[in-house]
Amino acid sequence: MGRIKEFFKSLKWYDYSVVAGIIIIMLTIGIIYHSDAITIISAIFGPIGVFFLAKGNVVGQMFLTVQGILYSIISYLNGFYGEVIITCLFTIPLYIVAIVTWFKNLNTSNGQVKVNRKISWKEWLIMFSVCLVISVGIYFLLQYFDTRYVLLGTFSFAFSSMASYLSVRRCEYNFIFYILNNIILVVMWILLVVNDDNFSQIITFVNYIIFMLINLFGFVNWIKLKKKQGEEKDGTSSTSR
């Protein structure tokens, strides 16, 4: 917990401004379009979690775990059973695993996670292969449960699972797959708003647009973190010699 406290001490005024801005935007949209409380809370927790994730802090995984639980409830109520299956069976468990692995790989100075310096091509190949096989099964499973937008749901699973795995592995490319997943989810929730005339879910659509922007920042920021941490490690090694 001391490392987390150190991280919060390191936050600047603009970090708190971003968090405050997210809360104000989501509350405003939720009130205007009469969103229910669980949708508003989910829409607040999600971007805040992704923001802390982009900053390299394990607190982000904690926020996203709670958001995942709320999002699965929202998805179930709107007939997105594929999202429920994906979130409950894959995303939330991987968030929990990430919390454990990140705690084991935190910098003592600022509480930021240590970015993985390299993932082998074999691991990439195994990840893509396993994801492809499971995604085929997910496609037929979603059809069985008569979920909406089966193909989009399948792609959402593929991108989300790879992003979550890479997040556990502390790889900066997790943000790229999160962005791809965000694009899929933006399309899904736009279709729901238009087809069902359900404007109370506009907040969820806006939520994933904000996700995309923060994930883009996260990718750039993690590249900088990786470079900085590599320089610090090399500097320590050279000094010790």
# chains A, B, ... in the order shown; residues from 1 in each chain; ligands from 1
$ closest_atom_pairs --of "range 46-135 of chain A" --to "range 207-220 of chain A" --cutoff "12 Å" --atoms "only C-alpha atoms" --output "Markdown table"
| residue | atom | partner | partner_atom | distance |
| --- | --- | --- | --- | --- |
| A:Gly46 | CA | A:Asn207 | CA | 7.6 |
| A:Pro47 | CA | A:Phe211 | CA | 5.8 |
| A:Ile48 | CA | A:Phe211 | CA | 9.3 |
| A:Gly49 | CA | A:Phe211 | CA | 9.6 |
| A:Val50 | CA | A:Ile214 | CA | 6.7 |
| A:Phe51 | CA | A:Ile214 | CA | 6.1 |
| A:Phe52 | CA | A:Gly218 | CA | 9.0 |
| A:Leu53 | CA | A:Gly218 | CA | 7.3 |
| A:Ala54 | CA | A:Gly218 | CA | 3.9 |
| A:Lys55 | CA | A:Gly218 | CA | 6.8 |
| A:Gly56 | CA | A:Gly218 | CA | 8.3 |
| A:Asn57 | CA | A:Gly218 | CA | 11.3 |
| A:Gly60 | CA | A:Gly218 | CA | 11.7 |
| A:Leu64 | CA | A:Phe211 | CA | 11.6 |
| A:Gln67 | CA | A:Asn207 | CA | 11.6 |
| A:Tyr71 | CA | A:Asn207 | CA | 11.3 |
| A:Val115 | CA | A:Phe219 | CA | 11.4 |
$ write_last_selection --atoms "N, CA and C atoms" --output "mmCIF file, in the first residue's frame"
data_model
loop_
_atom_site.group_PDB
_atom_site.id
_atom_site.type_symbol
_atom_site.label_atom_id
_atom_site.label_comp_id
_atom_site.auth_asym_id
_atom_site.auth_seq_id
_atom_site.Cartn_x
_atom_site.Cartn_y
_atom_site.Cartn_z
ATOM 1 N N GLY A 46 -14.694 3.349 -15.373
ATOM 2 C CA GLY A 46 -13.936 2.856 -16.514
ATOM 3 C C GLY A 46 -12.822 3.791 -16.965
ATOM 4 N N PRO A 47 -13.155 5.027 -17.371
ATOM 5 C CA PRO A 47 -12.102 5.951 -17.827
ATOM 6 C C PRO A 47 -11.065 6.269 -16.752
ATOM 7 N N ILE A 48 -11.498 6.372 -15.491
ATOM 8 C CA ILE A 48 -10.538 6.624 -14.420
ATOM 9 C C ILE A 48 -9.568 5.450 -14.305
ATOM 10 N N GLY A 49 -10.120 4.226 -14.401
ATOM 11 C CA GLY A 49 -9.268 3.039 -14.351
ATOM 12 C C GLY A 49 -8.269 3.006 -15.490
ATOM 13 N N VAL A 50 -8.736 3.309 -16.703
ATOM 14 C CA VAL A 50 -7.863 3.302 -17.873
ATOM 15 C C VAL A 50 -6.807 4.399 -17.749
ATOM 16 N N PHE A 51 -7.197 5.535 -17.170
ATOM 17 C CA PHE A 51 -6.240 6.629 -16.992
ATOM 18 C C PHE A 51 -5.101 6.215 -16.063
ATOM 19 N N PHE A 52 -5.445 5.591 -14.928
ATOM 20 C CA PHE A 52 -4.403 5.129 -14.010
ATOM 21 C C PHE A 52 -3.582 4.006 -14.641
ATOM 22 N N LEU A 53 -4.245 3.196 -15.465
ATOM 23 C CA LEU A 53 -3.530 2.147 -16.199
ATOM 24 C C LEU A 53 -2.491 2.788 -17.121
ATOM 25 N N ALA A 54 -2.917 3.842 -17.807
ATOM 26 C CA ALA A 54 -2.015 4.557 -18.709
ATOM 27 C C ALA A 54 -0.855 5.193 -17.957
ATOM 28 N N LYS A 55 -1.092 5.536 -16.687
ATOM 29 C CA LYS A 55 -0.041 6.113 -15.855
ATOM 30 C C LYS A 55 0.858 5.037 -15.267
ATOM 31 N N GLY A 56 0.485 3.765 -15.489
ATOM 32 C CA GLY A 56 1.305 2.659 -15.018
ATOM 33 C C GLY A 56 1.101 2.311 -13.559
ATOM 34 N N ASN A 57 -0.121 2.565 -13.042
ATOM 35 C CA ASN A 57 -0.374 2.275 -11.632
ATOM 36 C C ASN A 57 -1.400 1.172 -11.472
ATOM 37 N N GLY A 60 -5.333 1.353 -11.381
ATOM 38 C CA GLY A 60 -6.155 1.269 -12.588
ATOM 39 C C GLY A 60 -6.803 -0.089 -12.745
ATOM 40 N N LEU A 64 -10.849 -0.942 -12.864
ATOM 41 C CA LEU A 64 -11.387 -1.667 -14.007
ATOM 42 C C LEU A 64 -12.053 -2.977 -13.601
ATOM 43 N N GLN A 67 -15.424 -1.837 -12.571
ATOM 44 C CA GLN A 67 -16.145 -1.435 -13.781
ATOM 45 C C GLN A 67 -16.573 -2.644 -14.596
ATOM 46 N N TYR A 71 -20.224 -3.389 -15.825
ATOM 47 C CA TYR A 71 -20.439 -3.466 -17.275
ATOM 48 C C TYR A 71 -21.107 -4.778 -17.669
ATOM 49 N N VAL A 115 7.571 -1.843 -16.923
ATOM 50 C CA VAL A 115 7.137 -2.288 -18.248
ATOM 51 C C VAL A 115 8.037 -3.431 -18.706
#
$ residues_around --residues "Met26 in chain A" --least-positions-apart "6" --cutoff "8 Å" --atoms "only C-alpha atoms" --output "PyMOL selection string"
chain A and resi 40+43-44+203+207
$ residues_around --residues "Tyr178 in chain A" --least-positions-apart "4" --cutoff "9 Å" --atoms "only C-alpha atoms" --output "list in words"
Phe159, Ser160, Met162, Ala163, Ser164, Tyr173, Asn174, Asn182, Ile183, Phe211, Met212 and Asn215 of chain A
$ write_last_selection --atoms "N, CA and C atoms" --output "short mmCIF file (atom, residue, chain, number, x, y, z; two decimals), in the first residue's frame"
data_model
loop_
_atom_site.label_atom_id
_atom_site.label_comp_id
_atom_site.auth_asym_id
_atom_site.auth_seq_id
_atom_site.Cartn_x
_atom_site.Cartn_y
_atom_site.Cartn_z
N PHE A 159 -9.98 -9.12 -29.31
CA PHE A 159 -9.14 -7.96 -28.99
C PHE A 159 -9.03 -7.75 -27.48
N SER A 160 -10.15 -7.95 -26.78
CA SER A 160 -10.16 -7.74 -25.33
C SER A 160 -9.27 -8.75 -24.61
N MET A 162 -6.70 -10.46 -25.82
CA MET A 162 -5.29 -10.22 -26.09
C MET A 162 -4.79 -8.99 -25.33
N ALA A 163 -5.64 -7.96 -25.26
CA ALA A 163 -5.26 -6.76 -24.51
C ALA A 163 -5.08 -7.07 -23.03
N SER A 164 -6.00 -7.85 -22.47
CA SER A 164 -5.93 -8.20 -21.05
C SER A 164 -4.69 -9.04 -20.75
N TYR A 173 1.89 -2.91 -25.77
CA TYR A 173 0.97 -3.15 -26.88
C TYR A 173 -0.43 -3.54 -26.42
N ASN A 174 -0.62 -3.70 -25.11
CA ASN A 174 -1.97 -3.96 -24.62
C ASN A 174 -2.90 -2.81 -25.00
N ASN A 182 -12.08 -1.03 -28.30
CA ASN A 182 -12.90 0.17 -28.10
C ASN A 182 -13.67 0.52 -29.37
N ILE A 183 -13.01 0.40 -30.52
CA ILE A 183 -13.67 0.71 -31.79
C ILE A 183 -14.87 -0.22 -32.01
N PHE A 211 -12.29 6.08 -23.68
CA PHE A 211 -11.35 4.96 -23.54
C PHE A 211 -10.29 5.00 -24.63
N MET A 212 -10.73 5.21 -25.87
CA MET A 212 -9.80 5.21 -27.01
C MET A 212 -8.75 6.29 -26.86
N ASN A 215 -6.38 5.36 -24.01
CA ASN A 215 -5.52 4.24 -24.41
C ASN A 215 -4.43 4.68 -25.37
#
$ residues_around --residues "range 229-232 of chain A" --least-positions-apart "5" --cutoff "10 Å" --atoms "only C-alpha atoms" --output "VMD selection string"
chain A and resid 107 113 to 117 223 to 224 237 to 238
$ closest_atom_pairs --of "range 135-175 of chain A" --to "range 187-197 of chain A" --cutoff "10 Å" --atoms "only C-alpha atoms" --output "CSV"
residue,atom,partner,partner_atom,distance
A:Arg148,CA,A:Met188,CA,9.0
A:Tyr149,CA,A:Met188,CA,7.3
A:Leu152,CA,A:Met188,CA,7.1
A:Gly153,CA,A:Met188,CA,8.3
A:Ser156,CA,A:Met188,CA,9.6
$ residues_around --residues "Leu89 in chain A" --least-positions-apart "6" --cutoff "12 Å" --atoms "only C-alpha atoms" --output "list in words"
Gly68, Ile69, Ser72, Tyr81, Gly82, Glu83, Tyr95, Ile96, Ile138, Phe157, Ser160 and Ser161 of chain A
$ residues_around --residues "Val97 in chain A" --least-positions-apart "5" --cutoff "9 Å" --atoms "only C-alpha atoms" --output "PyMOL selection string"
chain A and resi 92+102+168
